[in-house]
Amino acid sequence: MFIYLSKKIAIPNNTRLRCVSWNQDQGYIACGGEDGLLKVLKLETTTGKDAKVKGLAAPSNLSMNQTLEGHSGAVQVVTWNQHYQKLTTSDQYGLIIVWMLYKGSWYEEMINNRNKSVVRSMKWNADGQKICIVYEDGAVIVGSVDGNRIWGKELKGLQLAHVEWSPDGKLLLFAMLNGEIQTYDNTGNFVSKLQIYCLTNVTGAAHVAGIEWYNGEYGYVEANCPCLSICYDNGRCQIMRTDLDDNPILIDTGMQVVKIGWNNSGAVLAVAGSQKAASQDKDVNVVQFYTPFGEHLRTLKVPGKQMYSSAWEAGSLRIALAVDSFIYFANIRPDYKWGYCSNTVVYAFTKPDRTENCVVFWDTKNKERYIKYVKNLLSVTACGDFCCLATKADDSSGQFVLVLCNSIGTPLDSKYIEIEPVYITMTKTHIIAASKEAFYTWQFKTVQKLTTMDLAGKRKAGSEKLYHIDDVPSGAGGDVIDFNKAFASTQDPICCICAADRMLIIGRESGTLNRYQMPIVALSNKHILNCRPHQMALNCKSARLAIIDISGVLTFFDVDTRVTDANGQEVLGEHLKFERKDVWDMKWAEDNPELFSMMEKTRMYIFRNLDPEEPILSSGYICRFNDLEIKAVLLDEIMKDPDFPNKENLLELEIKSLRDSRDLLDKVGIEDAQQFIEDNPHPRLWRLLAETALEQLNLQVAEQAFVRCKDYQGIEFVKRLGNLQSETMKQAEVAAYFNRFEEAERMYLEMDRRDLAVNLRKKLGDWFRVVQLLKTGSGGGDDVQLEEAWNAIGDYYADRQKWNQAVTYYVQGRNQERLAECHYMLEDYSGLEKMVQFLPENHKLLPDIAGMFVTVGMCLQAVEAYTKCNRVKQAIDCCVHLNQWNMAIDLAKQHNIKEIDTLLAKYAQHLLEKNKTLNAIELYRKASHYLEAAKLLFKIADDEAKKKSKPLRVKKLYVLAALLIEQYHEHVKTSSKSKSKGKTREATSALAGLLEEDSASISDTKLIDNAWRGAEAYHFYILAQRQLYEGYVDAAMNTTLQLRDYDDIIDPADIYALLALASCANRAFGTCSKAFIKLESLETLPTENREQYEQLALEIFTKHTPKDSKGARNDATNYEALLAEGESKLPTCIVTGRTLVDYQFWMCGTCKHCAYESEIPNKTSCPLCHSTMS
């Protein structure tokens, strides 16, 4: 930042001031002084002759100068309540007056006087609802904005000096006369005593000069930023993050402090007071400026005997200082985080609701904004087409990041570095970052190189170098980046850097300049200055260096001039005698080494050969200086509403020679102007002459001027004009050349050359106007041109993702490709289906539409589109991709494609290898390979049965496998039917189906014939147990007897154990005995279990004779009798488990199993396969 005194207002009668306060909302300045002096002033900016002059540069006058009568003693405290437009003042006798604004003047609203003590401090809380008043005798009063007393308290034995509210209004800080600070809550209860760290090792009494707690209204510099500043009159200061911070920032200002104050964003702390001058006995009034982290920014010396108070303006661009009987105003030029690259102003600011910095990339050409939020932003630097954002890494590593961005904020590359980038400069190929001790250079890749860059992630040798400032690099080393050496201390730290394509100059605090050759980074020279540089810039030929020192004095240094020094030795480099004071910005011209512009206070000067032109009033920051034009940006104005930058805050200024040439051309004529430009040649002046000559159709002079400014397109344009016969045509072409397109179009239409008007609008891309012109005219080829225009308008809407409007125009333009894209973006798949129907076969668009269907899983529609363009292979691939195997196989069979089965087998094998058996079953089922699916499912069921899983689960698996076999039968029949044709269709198809099934299943006959056997086994096993538990012991025994046929599926031990249990319960001890005999004879039974069975059998049959009781109904005996009579094997009822002996029974249509008709009416589904009954 830079600061300078700008204005001085004298108080009448030389009345000494005691205090000053600046209203942050309405801009009123209240100043109090001796003899009851109280004035309210208002400085308002007036619009001068030039309306473009804004901000600090605009003239300001006192629009209010009102003396308020009411105090008799010296006014010591003034404080504003900007929320309610109230002013509260107090004098040496303790009288408090609240003033209000009424019809443009200030009037007394309330008066209060305790008549006991003097008011030492008054503060309103952040929302302006409460005021806290502290008296010297320890009395505290908290009142509301409407004058009511909320609470009061006497702090016994304490003398108060200052008060401050916390930002949330929950705490009050009271400073005592002895320097102690105590914290109370907002109802007056003591909380704690504040720890003071800055007075360690200080002897003698120290009084609090000020407590200021920034309320965060405009955001913070960074998260958890110090914001509570406490300063003592001896110059010691501490800045805390909270009132409990045990590690505050400590500053020794070395001055007698009278007042402190934060600027509006909490980024700068102003400490006002006096300092002992080194060479004089008297004190000098100074204001020191610090960051919240204790870094010293600037010192402002102020004339006068004694300073009493200071106050910031709302935007922090000015500070008011009360000295003796004067108010001095100082202008502040903040160090904004900003840069300019490729017609884009990049600037950063903070928002109260976000911890990140908001970085705006404002394209000044297209007036478009791109916003990026960046954490821990340190600086913004720009050059050419790129900018560099320096940030602190968002972790505990302590690293820093350099992010290379383009002009819309897209990050292109980044580097992590260990050193803090205190100073950064950029050239078109390098970023140079420096700490106080070391510097780092990064040769970044441009966009063209970035597109082809290798992504290996290795730091390429030569692209980065790191040196300590005391190193003497030769250009050979530096490839190995070792950040450890960068932290070694130095006696002469870095204080600024600047660079050009071939040169890097680093300024040091002693005034030494280290000059390095770029890009090899070799130390070529050291130069000595007689000042400490703060800002430097090299001209376009790197021959002259501009230096702004710490005091704002601009000087120049010729780097290659050889001169003789005081010792008679020849040295390289000469510090020129030229000097300008109060300079805060400068920029060299990009195309002339003698031209530069600089900002001196509120004036912009342009120098040629160190001779100034007339100054221009401005407070803008210079973006660019080339082609005799300066582009500057009024950042102060932009920061008032940073979210919406205004083009009025951009300044484009012409230098004197350009203005003079323009005046000569306007007032005198081309010949004289041409002579003047030849005397003061510059490509921009020749271009101006060429443009003026073109306007006058003086083609000879225009061609000569274009040749002088090397504008090949301009020369070609002049030649083309020379070939035109019509003067009107020439004028129309010139109007188009100067972007006066409406005028050119009107001329074409007046000449009845609508075709030229249409071509002009086509070149401009104004297709809406093309359509208007074509519709109003007539002529051949209009339909073709109209279609082209409709399609271009469709493109216009499509580019902006307005797909609905784009569809309308693509339909008119018959652009099927883009129409399909729009339907897809709108998810209008019915529209795409219609397109497939209407497009002719083998149309080039069909595969693309099919691809669109595939991406959204619409297999049927994709297949239709692929088959319509004879891409069966892709259709099958699409079915496979979407897991529609049945459709894939149908397609393969229809078109005799053999690869599908091998693909299916491969995929199934892949799933099985990954142990995804159920996925493989589903795959086979979808592909109508029911037999393979059934085999896998039977295998799973068998495995589960061996594991003795829950019987119901095993039954379900066997049922599903059997159902797959049924589907296999059905599939064989239907496929045979579809193949056979003619009269004998049914008989032939049935025979073909049987033959196909027979041939396909020679190896799988057992599986196909006994498909339901596993399901039956577990069905009867579960049924028998259910009957037994429900008490139907006779039925349970009979059902278990049926299980004897299934001992290959269910463990025989389980079957005969259940039979023994059921028959024993049924008192059929004969059957029970047979079951025990079978159990004891099982070879698979462990010896221990066999002995247990023998013991149990002994216990049972010693009590009961092994004969079945006459009441026990034994179906097995009856069944054996029937078989002996010659009956074939009889089915079993799946409801009761009994043998079916009736001639009429119910049969399931799915599994073909039977049951007694009497058992069926109360059933809704088949008990075995669970298919719904019809």
# chains A, B, ... in the order shown; residues from 1 in each chain; ligands from 1
>>> residues_around(residues="Ser661 (chain A)", least_positions_apart="4", cutoff="8 Å", atoms="only C-alpha atoms", output="list in words")
Ser657, Leu665, Ala673, Phe676, Ile677 and Leu685 of chain A
>>> select_by_dssp(residues="region 9-94 of chain A", states="strand (DSSP E or B)", output="ChimeraX atom specification")
/A:9-10,17-22,28-33,38-45,60-67,75-81,86-91
>>> select_by_dssp(residues="region 705-779 of chain A", states="helix (DSSP H, G or I)", output="VMD selection string")
chain A and resid 705 to 708 712 to 722 727 to 737 741 to 750 754 to 764 767 to 776
>>> residues_around(residues="region 543-554 of chain A", least_positions_apart="2", cutoff="7 Å", atoms="only C-alpha atoms", output="number ranges by chain")
A: 531-539, 541, 556-560, 579-584
>>> residues_around(residues="region 623-635 of chain A", least_positions_apart="4", cutoff="9 Å", atoms="only C-alpha atoms", output="tab-separated table (two decimals) with all heavy atoms, in the first residue's frame")
chain	number	residue	atom	x	y	z
A	54	LYS	N	-13.16	9.79	-11.34
A	54	LYS	CA	-13.92	9.27	-10.21
A	54	LYS	C	-12.99	8.99	-9.03
A	54	LYS	O	-11.77	9.04	-9.15
A	54	LYS	CB	-14.61	7.95	-10.61
A	54	LYS	CG	-15.71	8.10	-11.63
A	54	LYS	CD	-16.35	6.75	-11.88
A	54	LYS	CE	-17.47	6.88	-12.88
A	54	LYS	NZ	-18.10	5.58	-13.11
A	55	GLY	N	-13.63	8.63	-7.90
A	55	GLY	CA	-12.87	8.19	-6.74
A	55	GLY	C	-12.05	9.29	-6.12
A	55	GLY	O	-12.47	10.45	-6.05
A	336	TYR	N	-4.16	-4.02	-3.79
A	336	TYR	CA	-5.19	-4.99	-4.14
A	336	TYR	C	-4.53	-6.25	-4.71
A	336	TYR	O	-3.45	-6.18	-5.32
A	336	TYR	CB	-6.14	-4.42	-5.20
A	336	TYR	CG	-6.99	-3.28	-4.72
A	336	TYR	CD1	-6.82	-1.99	-5.23
A	336	TYR	CD2	-7.97	-3.47	-3.77
A	336	TYR	CE1	-7.60	-0.93	-4.80
A	336	TYR	CE2	-8.77	-2.41	-3.32
A	336	TYR	CZ	-8.58	-1.15	-3.84
A	336	TYR	OH	-9.36	-0.12	-3.41
A	338	TRP	N	-4.59	-8.18	-7.57
A	338	TRP	CA	-5.17	-8.03	-8.91
A	338	TRP	C	-4.09	-8.23	-9.98
A	338	TRP	O	-2.90	-8.26	-9.70
A	338	TRP	CB	-5.82	-6.65	-9.06
A	338	TRP	CG	-4.85	-5.54	-9.36
A	338	TRP	CD1	-3.97	-4.98	-8.51
A	338	TRP	CD2	-4.65	-4.91	-10.64
A	338	TRP	NE1	-3.25	-4.02	-9.15
A	338	TRP	CE2	-3.63	-3.95	-10.46
A	338	TRP	CE3	-5.24	-5.05	-11.90
A	338	TRP	CZ2	-3.19	-3.15	-11.50
A	338	TRP	CZ3	-4.80	-4.25	-12.94
A	338	TRP	CH2	-3.79	-3.31	-12.74
A	339	GLY	N	-4.55	-8.36	-11.21
A	339	GLY	CA	-3.65	-8.50	-12.35
A	339	GLY	C	-4.43	-8.30	-13.64
A	339	GLY	O	-5.67	-8.25	-13.62
A	340	TYR	N	-3.70	-8.18	-14.76
A	340	TYR	CA	-4.36	-7.96	-16.06
A	340	TYR	C	-3.71	-8.87	-17.09
A	340	TYR	O	-2.49	-8.84	-17.28
A	340	TYR	CB	-4.21	-6.49	-16.47
A	340	TYR	CG	-4.87	-6.17	-17.79
A	340	TYR	CD1	-6.23	-5.91	-17.87
A	340	TYR	CD2	-4.12	-6.13	-18.97
A	340	TYR	CE1	-6.84	-5.62	-19.08
A	340	TYR	CE2	-4.72	-5.83	-20.19
A	340	TYR	CZ	-6.08	-5.58	-20.24
A	340	TYR	OH	-6.68	-5.29	-21.44
A	341	CYS	N	-4.52	-9.72	-17.72
A	341	CYS	CA	-4.00	-10.60	-18.76
A	341	CYS	C	-5.05	-10.81	-19.82
A	341	CYS	O	-6.23	-11.03	-19.52
A	341	CYS	CB	-3.57	-11.95	-18.17
A	341	CYS	SG	-4.90	-12.85	-17.38
A	345	VAL	N	-9.38	-8.39	-16.45
A	345	VAL	CA	-8.94	-7.89	-15.14
A	345	VAL	C	-9.26	-8.98	-14.12
A	345	VAL	O	-10.41	-9.42	-14.01
A	345	VAL	CB	-9.67	-6.58	-14.77
A	345	VAL	CG1	-9.24	-6.12	-13.37
A	345	VAL	CG2	-9.35	-5.48	-15.78
A	347	TYR	N	-9.25	-9.87	-10.18
A	347	TYR	CA	-9.14	-9.23	-8.86
A	347	TYR	C	-9.79	-10.12	-7.81
A	347	TYR	O	-10.68	-10.93	-8.11
A	347	TYR	CB	-9.75	-7.83	-8.86
A	347	TYR	CG	-11.21	-7.77	-9.21
A	347	TYR	CD1	-12.19	-7.86	-8.22
A	347	TYR	CD2	-11.62	-7.62	-10.53
A	347	TYR	CE1	-13.53	-7.80	-8.55
A	347	TYR	CE2	-12.96	-7.56	-10.87
A	347	TYR	CZ	-13.92	-7.65	-9.87
A	347	TYR	OH	-15.25	-7.61	-10.20
A	587	LYS	N	4.04	2.06	-15.35
A	587	LYS	CA	4.02	1.01	-16.36
A	587	LYS	C	4.78	1.50	-17.59
A	587	LYS	O	4.53	2.60	-18.08
A	587	LYS	CB	2.56	0.68	-16.73
A	587	LYS	CG	2.39	-0.46	-17.69
A	587	LYS	CD	2.59	-1.83	-17.06
A	587	LYS	CE	1.44	-2.25	-16.20
A	587	LYS	NZ	1.61	-3.62	-15.68
A	588	TRP	N	5.71	0.67	-18.07
A	588	TRP	CA	6.42	0.98	-19.32
A	588	TRP	C	5.52	0.67	-20.51
A	588	TRP	O	4.70	-0.24	-20.44
A	588	TRP	CB	7.69	0.13	-19.44
A	588	TRP	CG	8.82	0.52	-18.52
A	588	TRP	CD1	9.17	-0.08	-17.37
A	588	TRP	CD2	9.76	1.60	-18.73
A	588	TRP	NE1	10.27	0.55	-16.81
A	588	TRP	CE2	10.65	1.58	-17.63
A	588	TRP	CE3	9.93	2.57	-19.72
A	588	TRP	CZ2	11.70	2.48	-17.50
A	588	TRP	CZ3	10.97	3.47	-19.60
A	588	TRP	CH2	11.84	3.43	-18.49
A	589	ALA	N	5.74	1.39	-21.60
A	589	ALA	CA	5.05	1.05	-22.85
A	589	ALA	C	5.64	-0.26	-23.39
A	589	ALA	O	6.85	-0.50	-23.27
A	589	ALA	CB	5.22	2.16	-23.87
A	590	GLU	N	4.77	-1.10	-23.96
A	590	GLU	CA	5.23	-2.41	-24.45
A	590	GLU	C	5.97	-2.31	-25.78
A	590	GLU	O	6.65	-3.26	-26.18
A	590	GLU	CB	4.03	-3.35	-24.61
A	590	GLU	CG	3.37	-3.71	-23.29
A	590	GLU	CD	2.08	-4.50	-23.47
A	590	GLU	OE1	1.87	-5.02	-24.59
A	590	GLU	OE2	1.30	-4.59	-22.51
A	591	ASP	N	5.83	-1.15	-26.46
A	591	ASP	CA	6.40	-1.05	-27.82
A	591	ASP	C	7.37	0.11	-27.98
A	591	ASP	O	7.81	0.41	-29.08
A	591	ASP	CB	5.26	-0.92	-28.85
A	591	ASP	CG	4.23	0.12	-28.43
A	591	ASP	OD1	4.50	0.87	-27.47
A	591	ASP	OD2	3.15	0.18	-29.05
A	592	ASN	N	7.68	0.82	-26.87
A	592	ASN	CA	8.60	1.96	-26.98
A	592	ASN	C	9.40	2.05	-25.68
A	592	ASN	O	8.83	2.30	-24.61
A	592	ASN	CB	7.78	3.24	-27.21
A	592	ASN	CG	8.67	4.43	-27.52
A	592	ASN	OD1	9.83	4.50	-27.10
A	592	ASN	ND2	8.14	5.39	-28.25
A	595	LEU	N	8.91	5.39	-23.52
A	595	LEU	CA	7.60	5.83	-23.05
A	595	LEU	C	7.23	5.09	-21.76
A	595	LEU	O	7.40	3.88	-21.66
A	595	LEU	CB	6.53	5.50	-24.10
A	595	LEU	CG	6.19	6.55	-25.16
A	595	LEU	CD1	5.17	5.99	-26.12
A	595	LEU	CD2	5.67	7.83	-24.53
A	596	PHE	N	6.72	5.83	-20.79
A	596	PHE	CA	6.14	5.17	-19.61
A	596	PHE	C	5.08	6.08	-19.00
A	596	PHE	O	5.05	7.29	-19.23
A	596	PHE	CB	7.22	4.80	-18.58
A	596	PHE	CG	7.84	5.99	-17.87
A	596	PHE	CD1	7.29	6.49	-16.70
A	596	PHE	CD2	9.00	6.59	-18.37
A	596	PHE	CE1	7.87	7.57	-16.05
A	596	PHE	CE2	9.57	7.67	-17.73
A	596	PHE	CZ	9.01	8.17	-16.56
A	597	SER	N	4.18	5.45	-18.27
A	597	SER	CA	3.16	6.22	-17.55
A	597	SER	C	3.32	5.94	-16.07
A	597	SER	O	3.78	4.87	-15.67
A	597	SER	CB	1.75	5.79	-18.00
A	597	SER	OG	1.55	4.44	-17.72
A	618	SER	N	-6.61	11.08	-12.31
A	618	SER	CA	-7.06	9.68	-12.28
A	618	SER	C	-6.53	9.01	-11.02
A	618	SER	O	-5.50	9.40	-10.48
A	618	SER	CB	-6.53	8.93	-13.50
A	618	SER	OG	-6.81	7.55	-13.38
A	619	SER	N	-7.28	8.01	-10.55
A	619	SER	CA	-6.78	7.19	-9.44
A	619	SER	C	-6.80	5.73	-9.85
A	619	SER	O	-6.93	4.84	-9.02
A	619	SER	CB	-7.66	7.40	-8.19
A	619	SER	OG	-9.00	7.04	-8.48
A	639	MET	N	-14.36	-2.21	-6.24
A	639	MET	CA	-14.46	-2.85	-4.93
A	639	MET	C	-15.69	-2.39	-4.13
A	639	MET	O	-16.03	-3.01	-3.14
A	639	MET	CB	-13.20	-2.60	-4.10
A	639	MET	CG	-11.97	-3.33	-4.63
A	639	MET	SD	-12.22	-5.11	-4.64
A	639	MET	CE	-10.77	-5.64	-5.54
A	640	LYS	N	-16.33	-1.32	-4.58
A	640	LYS	CA	-17.58	-0.91	-3.91
A	640	LYS	C	-18.69	-1.92	-4.18
A	640	LYS	O	-19.57	-2.12	-3.37
A	640	LYS	CB	-18.00	0.49	-4.39
A	640	LYS	CG	-17.09	1.59	-3.86
A	640	LYS	CD	-17.48	2.95	-4.42
A	640	LYS	CE	-16.51	4.03	-3.93
A	640	LYS	NZ	-16.79	5.34	-4.54
A	642	PRO	N	-17.99	-5.40	-5.93
A	642	PRO	CA	-17.07	-6.25	-6.70
A	642	PRO	C	-17.75	-7.37	-7.48
A	642	PRO	O	-17.19	-7.90	-8.43
A	642	PRO	CB	-16.12	-6.81	-5.64
A	642	PRO	CG	-16.87	-6.69	-4.36
A	642	PRO	CD	-17.78	-5.52	-4.49
A	648	GLU	N	-17.78	1.33	-16.95
A	648	GLU	CA	-17.42	2.72	-16.68
A	648	GLU	C	-16.18	2.82	-15.79
A	648	GLU	O	-15.57	3.88	-15.70
A	648	GLU	CB	-18.60	3.45	-16.01
A	648	GLU	CG	-19.78	3.66	-16.95
A	648	GLU	CD	-20.97	4.30	-16.24
A	648	GLU	OE1	-20.81	4.67	-15.06
A	648	GLU	OE2	-22.03	4.41	-16.87
A	649	ASN	N	-15.84	1.73	-15.14
A	649	ASN	CA	-14.65	1.73	-14.28
A	649	ASN	C	-13.39	1.34	-15.03
A	649	ASN	O	-12.36	1.06	-14.41
A	649	ASN	CB	-14.87	0.79	-13.09
A	649	ASN	CG	-16.03	1.26	-12.22
A	649	ASN	OD1	-16.28	2.45	-12.12
A	649	ASN	ND2	-16.76	0.32	-11.63
A	650	LEU	N	-13.48	1.30	-16.35
A	650	LEU	CA	-12.31	1.09	-17.20
A	650	LEU	C	-11.96	2.39	-17.88
A	650	LEU	O	-12.84	3.08	-18.40
A	650	LEU	CB	-12.63	0.05	-18.28
A	650	LEU	CG	-12.45	-1.42	-17.94
A	650	LEU	CD1	-12.86	-2.24	-19.15
A	650	LEU	CD2	-11.01	-1.74	-17.58
A	651	LEU	N	-10.69	2.74	-17.87
A	651	LEU	CA	-10.25	3.98	-18.52
A	651	LEU	C	-9.37	3.63	-19.70
A	651	LEU	O	-8.48	2.79	-19.59
A	651	LEU	CB	-9.45	4.85	-17.54
A	651	LEU	CG	-10.16	5.32	-16.28
A	651	LEU	CD1	-9.19	6.10	-15.41
A	651	LEU	CD2	-11.36	6.18	-16.63
A	652	GLU	N	-9.63	4.26	-20.84
A	652	GLU	CA	-8.75	4.12	-22.00
A	652	GLU	C	-8.30	5.52	-22.39
A	652	GLU	O	-9.10	6.35	-22.82
A	652	GLU	CB	-9.49	3.42	-23.15
A	652	GLU	CG	-9.77	1.96	-22.82
A	652	GLU	CD	-10.27	1.16	-24.00
A	652	GLU	OE1	-10.50	1.77	-25.06
A	652	GLU	OE2	-10.44	-0.06	-23.86
A	653	LEU	N	-7.02	5.79	-22.17
A	653	LEU	CA	-6.48	7.14	-22.34
A	653	LEU	C	-5.48	7.16	-23.49
A	653	LEU	O	-4.68	6.24	-23.64
A	653	LEU	CB	-5.80	7.59	-21.05
A	653	LEU	CG	-6.65	7.46	-19.77
A	653	LEU	CD1	-5.79	7.57	-18.54
A	653	LEU	CD2	-7.72	8.54	-19.76
A	654	GLU	N	-5.53	8.22	-24.28
A	654	GLU	CA	-4.59	8.37	-25.40
A	654	GLU	C	-3.50	9.35	-25.00
A	654	GLU	O	-3.75	10.33	-24.31
A	654	GLU	CB	-5.32	8.90	-26.64
A	654	GLU	CG	-6.38	7.94	-27.15
A	654	GLU	CD	-7.08	8.48	-28.39
A	654	GLU	OE1	-6.97	9.71	-28.64
A	654	GLU	OE2	-7.73	7.70	-29.09
A	655	ILE	N	-2.27	9.08	-25.48
A	655	ILE	CA	-1.18	10.01	-25.14
A	655	ILE	C	-1.22	11.20	-26.12
A	655	ILE	O	-1.92	11.18	-27.12
A	655	ILE	CB	0.19	9.30	-25.11
A	655	ILE	CG1	0.73	9.07	-26.52
A	655	ILE	CG2	0.14	8.00	-24.37
A	655	ILE	CD1	2.21	8.79	-26.50
A	656	LYS	N	-0.41	12.20	-25.80
A	656	LYS	CA	-0.52	13.49	-26.49
A	656	LYS	C	-0.31	13.38	-28.01
A	656	LYS	O	-1.06	13.96	-28.78
A	656	LYS	CB	0.50	14.47	-25.90
A	656	LYS	CG	0.31	15.91	-26.33
A	656	LYS	CD	1.20	16.83	-25.52
A	656	LYS	CE	0.97	18.28	-25.87
A	656	LYS	NZ	1.27	18.62	-27.26
A	657	SER	N	0.69	12.62	-28.45
A	657	SER	CA	0.96	12.56	-29.89
A	657	SER	C	-0.22	11.95	-30.64
A	657	SER	O	-0.54	12.37	-31.76
A	657	SER	CB	2.23	11.74	-30.16
A	657	SER	OG	2.10	10.44	-29.62
A	658	LEU	N	-0.92	10.99	-30.02
A	658	LEU	CA	-2.09	10.40	-30.66
A	658	LEU	C	-3.23	11.40	-30.70
A	658	LEU	O	-3.93	11.55	-31.72
A	658	LEU	CB	-2.50	9.12	-29.90
A	658	LEU	CG	-3.64	8.30	-30.47
A	658	LEU	CD1	-3.40	7.91	-31.92
A	658	LEU	CD2	-3.89	7.05	-29.64
A	682	HIS	N	5.11	6.33	-35.53
A	682	HIS	CA	4.70	5.23	-34.65
A	682	HIS	C	3.63	4.43	-35.40
A	682	HIS	O	2.77	5.03	-36.07
A	682	HIS	CB	4.13	5.76	-33.33
A	682	HIS	CG	3.94	4.68	-32.30
A	682	HIS	ND1	2.87	3.85	-32.30
A	682	HIS	CD2	4.71	4.30	-31.25
A	682	HIS	CE1	2.97	2.97	-31.30
A	682	HIS	NE2	4.09	3.24	-30.64
A	683	PRO	N	3.66	3.09	-35.32
A	683	PRO	CA	2.66	2.30	-36.05
A	683	PRO	C	1.22	2.71	-35.75
A	683	PRO	O	0.37	2.70	-36.63
A	683	PRO	CB	2.93	0.86	-35.56
A	683	PRO	CG	4.37	0.87	-35.14
A	683	PRO	CD	4.65	2.24	-34.64
A	684	ARG	N	0.97	3.11	-34.49
A	684	ARG	CA	-0.41	3.51	-34.13
A	684	ARG	C	-0.82	4.77	-34.87
A	684	ARG	O	-1.97	4.90	-35.31
A	684	ARG	CB	-0.48	3.72	-32.61
A	684	ARG	CG	-1.85	4.16	-32.10
A	684	ARG	CD	-2.85	3.03	-32.19
A	684	ARG	NE	-4.18	3.43	-31.79
A	684	ARG	CZ	-5.09	3.99	-32.59
A	684	ARG	NH1	-4.81	4.21	-33.86
A	684	ARG	NH2	-6.29	4.29	-32.14
A	685	LEU	N	0.12	5.72	-35.03
A	685	LEU	CA	-0.20	6.96	-35.74
A	685	LEU	C	-0.43	6.69	-37.22
A	685	LEU	O	-1.32	7.27	-37.85
A	685	LEU	CB	0.93	7.98	-35.55
A	685	LEU	CG	1.20	8.42	-34.10
A	685	LEU	CD1	2.34	9.44	-34.07
A	685	LEU	CD2	-0.05	9.01	-33.47
>>> residues_around(residues="Leu845 (chain A)", least_positions_apart="3", cutoff="12 Å", atoms="only C-alpha atoms", output="VMD selection string")
chain A and resid 815 to 821 832 835 to 836 838 to 842 848 to 852 865 to 866 868 to 869
>>> closest_residue(among="A:Lys365, A:Arg740, A:His207, A:Arg114", to="Ile141 (chain A)", atoms="only C-alpha atoms")
A:Arg114
>>> closest_residue(among="A:Thr187, A:Asp243, A:Leu177, A:Ala920", to="Gly152 (chain A)", atoms="only C-alpha atoms")
A:Thr187
>>> residues_around(residues="Asn113 (chain A)", least_positions_apart="3", cutoff="7 Å", atoms="only C-alpha atoms", output="number ranges by chain")
A: 94-96
>>> write_last_selection(atoms="C-alpha atoms", output="compact mmCIF listing (two decimals), in the first residue's frame")
# COMPACT_ATOMS: atom_id res chain seq x y z
CA GLY A 94 -19.38 14.15 31.90
CA LEU A 95 -22.22 15.65 29.81
CA ILE A 96 -23.50 13.18 27.18
>>> residues_around(residues="region 484-488 of chain A", least_positions_apart="5", cutoff="12 Å", atoms="only C-alpha atoms", output="list in words")
Ile417, Glu418, Ile419, Glu420, Pro421, Ala434, Ser435, Lys436, Glu437, Ala438, Phe439, Tyr440, Lys465, Leu466, Tyr467, His468, Ile469, Asp470, Asp471, Gly478 and Pro493 of chain A
